[in-house]
file run_20.cif (mmCIF, C-alpha atoms)
data_coords
#
loop_
_atom_site.label_atom_id
_atom_site.label_comp_id
_atom_site.auth_asym_id
_atom_site.auth_seq_id
_atom_site.Cartn_x
_atom_site.Cartn_y
_atom_site.Cartn_z
CA MET A 26 0.00 0.00 0.00
CA VAL A 27 1.24 3.44 -0.92
CA ARG A 28 0.50 6.45 1.33
CA LEU A 29 0.20 9.62 -0.76
CA GLN A 30 -0.51 13.26 -0.06
CA PRO A 31 -4.15 14.24 -0.81
CA ASP A 32 -3.58 15.86 -4.23
CA PRO A 33 -1.47 13.02 -5.71
CA PHE A 34 -4.01 10.59 -4.22
CA LEU A 35 -6.82 12.28 -6.17
CA ASN A 36 -4.74 12.16 -9.36
CA GLU A 37 -4.02 8.45 -8.90
CA LEU A 38 -7.68 7.80 -8.06
CA THR A 39 -8.66 9.44 -11.36
CA ASN A 40 -6.16 7.18 -13.15
CA MET A 41 -7.67 4.13 -11.43
CA PHE A 42 -11.14 5.11 -12.62
CA GLU A 43 -9.83 5.57 -16.17
CA ARG A 44 -8.12 2.15 -16.15
CA THR A 45 -11.31 0.43 -15.00
CA THR A 46 -13.72 2.20 -17.36
CA GLU A 47 -14.26 -0.79 -19.65
CA LYS A 48 -13.92 -3.56 -17.09
CA GLY A 49 -13.32 -3.62 -13.37
CA SER A 50 -14.19 -1.75 -10.20
CA VAL A 51 -12.63 0.68 -7.76
CA TRP A 52 -13.32 0.33 -4.04
CA VAL A 53 -12.91 3.38 -1.82
CA THR A 54 -13.08 3.18 1.98
CA LEU A 55 -13.02 5.97 4.54
CA LYS A 56 -12.05 5.44 8.17
CA HIS A 57 -11.81 7.64 11.26
CA SER A 58 -8.21 7.37 12.46
CA SER A 59 -5.69 9.10 14.69
CA ASP A 60 -2.65 7.52 12.97
CA LYS A 61 -1.31 6.54 16.41
CA SER A 62 -1.27 3.21 18.19
CA LYS A 63 -3.81 2.47 20.91
CA VAL A 64 -1.08 2.60 23.57
CA LYS A 65 0.03 6.08 22.48
CA ARG A 66 -3.59 7.31 22.36
CA ASN A 67 -4.20 6.03 25.90
CA LYS A 68 -1.03 7.77 27.16
CA MET A 69 -2.06 11.01 25.48
CA LYS A 70 -5.56 10.70 26.95
CA THR A 71 -4.29 10.19 30.50
CA ALA A 72 -1.83 13.09 30.08
CA GLY A 73 -4.70 15.32 28.95
CA GLU A 74 -3.24 15.94 25.50
CA LYS A 75 -5.59 16.50 22.58
CA ILE A 76 -5.74 13.61 20.11
CA ASP A 77 -5.84 14.81 16.52
CA PHE A 78 -8.15 12.57 14.49
CA LYS A 79 -7.92 12.37 10.72
CA CYS A 80 -9.72 10.57 7.93
CA LEU A 81 -7.90 7.61 6.37
CA ILE A 82 -8.98 7.07 2.76
CA ARG A 83 -8.02 3.93 0.88
CA ALA A 84 -8.68 3.05 -2.76
CA THR A 85 -7.99 -0.16 -4.64
CA ASP A 86 -8.77 -1.63 -8.02
CA GLY A 87 -7.74 -5.13 -6.98
CA LYS A 88 -4.21 -4.72 -8.29
CA LYS A 89 -2.99 -1.50 -6.75
CA THR A 90 -3.86 0.05 -3.38
CA ILE A 91 -3.34 3.69 -2.46
CA SER A 92 -4.19 5.66 0.67
CA THR A 93 -4.04 9.12 2.17
CA MET A 94 -4.71 10.89 5.46
CA VAL A 95 -6.84 14.03 5.43
CA GLY A 96 -6.89 16.34 8.42
CA PRO A 97 -9.74 18.60 9.51
CA LYS A 98 -8.17 21.65 7.84
CA ASP A 99 -7.99 20.03 4.38
CA HIS A 100 -11.19 18.02 4.64
CA GLN A 101 -13.56 20.48 2.91
CA ARG A 102 -11.27 21.03 -0.07
CA PHE A 103 -10.52 17.32 -0.41
CA GLN A 104 -14.22 16.39 -0.17
CA SER A 105 -15.23 18.79 -2.93
CA SER A 106 -12.47 17.50 -5.25
CA TYR A 107 -13.36 13.90 -4.41
CA ALA A 108 -17.06 14.55 -5.14
CA THR A 109 -16.18 16.10 -8.52
CA ILE A 110 -14.17 13.01 -9.48
CA LEU A 111 -16.96 10.65 -8.43
CA LYS A 112 -19.61 12.58 -10.36
CA ALA A 113 -17.47 12.58 -13.48
CA ARG A 114 -16.62 8.86 -13.31
CA MET A 115 -19.99 7.34 -12.40
CA THR A 116 -21.35 7.39 -15.93
CA ALA A 117 -22.08 3.65 -16.08
CA LEU A 118 -24.85 3.85 -13.49
CA LYS A 119 -28.39 3.53 -14.79
CA LYS A 120 -30.85 6.27 -13.99
CA ARG A 121 -33.70 5.17 -11.80
CA GLU A 122 -37.15 5.18 -13.38
CA ARG A 123 -39.42 7.29 -11.25
CA LYS A 124 -43.15 6.76 -11.37
CA ASP A 125 -45.67 9.43 -10.59
CA LYS A 126 -46.98 8.67 -7.09
CA ARG A 127 -50.56 9.56 -8.04
CA LYS A 128 -50.57 7.19 -11.03
CA VAL A 129 -49.11 4.36 -8.94
CA ALA A 130 -51.73 4.86 -6.20
CA ASP A 131 -54.59 4.92 -8.75
CA SER A 132 -53.40 1.75 -10.47
CA ASP A 133 -53.08 -0.02 -7.09
CA LYS A 134 -56.66 0.91 -6.19
CA LYS A 135 -57.96 -0.40 -9.51
CA GLN A 136 -56.14 -3.70 -9.03
CA ASP A 137 -57.52 -4.06 -5.49
CA LYS A 138 -61.10 -3.59 -6.76
CA LYS A 139 -60.59 -6.29 -9.38
CA LYS A 140 -59.28 -8.76 -6.78
CA GLN A 141 -62.19 -8.36 -4.32
CA PRO A 142 -64.68 -11.20 -4.63
CA THR A 143 -68.29 -10.31 -5.32
CA LYS A 144 -71.04 -11.49 -2.99
CA PRO A 145 -73.30 -14.14 -4.47
CA SER A 146 -76.94 -13.06 -4.65
CA ASN A 147 -79.43 -15.51 -3.12
#

call {"tool": "encode", "arguments": {"input": "run_20.cif", "output": "structure tokens"}}
result
Amino acid sequence: MVRLQPDPFLNELTNMFERTTEKGSVWVTLKHSSDKSKVKRNKMKTAGEKIDFKCLIRATDGKKTISTMVGPKDHQRFQSSYATILKARMTALKKRERKDKRKVADSDKKQDKKKQPTKPSN
């Protein structure tokens, strides 16, 4: 696994998406992390020191894995760049067919009336 700075990570992520356009997938995971061991965090906590949490982002296409750490200061800028990349690369998704709620409700009522048995007349 290769740990990159946020900007090179976004460039490499774009390259991964381009390589897997025809065939393949890219998996991206985000994790809350302090980048310190549990022992160090416990020592810092007992000493009253502030623990600086960051976001660990990993991406893999099955062959290559990359990662980066994003702090609270860079988070907004990184998130907007990341969202732009995702919007540009998710072209293979099918658009969901939306039905008009009123038409669906009317058709359901008509089907319910057809299914109700009629009372025999004696």

call {"tool": "closest_residue", "arguments": {"input": "run_20.cif", "among": "A:Met94, A:Met41, A:Met26, A:Leu111", "to": "Leu55 (chain A)", "atoms": "all atoms listed in the file"}}
result
A:Met94

call {"tool": "residues_around", "arguments": {"input": "run_20.cif", "residues": "region 70-80 of chain A", "least_positions_apart": "3", "cutoff": "8 Å", "atoms": "all atoms listed in the file", "output": "PDB file with C-alpha atoms, keeping the file's coordinate frame"}}
result
ATOM      1  CA  LEU A  55     -13.020   5.970   4.540  1.00  0.00           C
ATOM      2  CA  LYS A  56     -12.050   5.440   8.170  1.00  0.00           C
ATOM      3  CA  HIS A  57     -11.810   7.640  11.260  1.00  0.00           C
ATOM      4  CA  SER A  58      -8.210   7.370  12.460  1.00  0.00           C
ATOM      5  CA  SER A  59      -5.690   9.100  14.690  1.00  0.00           C
ATOM      6  CA  ASP A  60      -2.650   7.520  12.970  1.00  0.00           C
ATOM      7  CA  ARG A  66      -3.590   7.310  22.360  1.00  0.00           C
ATOM      8  CA  ASN A  67      -4.200   6.030  25.900  1.00  0.00           C
ATOM      9  CA  MET A  94      -4.710  10.890   5.460  1.00  0.00           C
ATOM     10  CA  VAL A  95      -6.840  14.030   5.430  1.00  0.00           C
ATOM     11  CA  GLY A  96      -6.890  16.340   8.420  1.00  0.00           C
ATOM     12  CA  PRO A  97      -9.740  18.600   9.510  1.00  0.00           C
TER      13      PRO A  97
END

call {"tool": "resolve_selection", "arguments": {"input": "run_20.cif", "expression": "the PyMOL selection byres ((chain A and resi 53) around 7)", "output": "MDAnalysis selection string"}}
result
chainID A and resid 51:52 54:55 83:85

call {"tool": "atom_distance", "arguments": {"input": "run_20.cif", "atom1": "CA of Pro31 (chain A)", "atom2": "CA of Gln104 (chain A)"}}
result
10.3 Å

call {"tool": "residues_around", "arguments": {"input": "run_20.cif", "residues": "Val27 (chain A)", "least_positions_apart": "3", "cutoff": "7 Å", "atoms": "all atoms listed in the file", "output": "PyMOL selection string"}}
result
chain A and resi 90-92

call {"tool": "atom_distance", "arguments": {"input": "run_20.cif", "atom1": "CA of Leu35 (chain A)", "atom2": "CA of Gly49 (chain A)"}}
result
18.6 Å
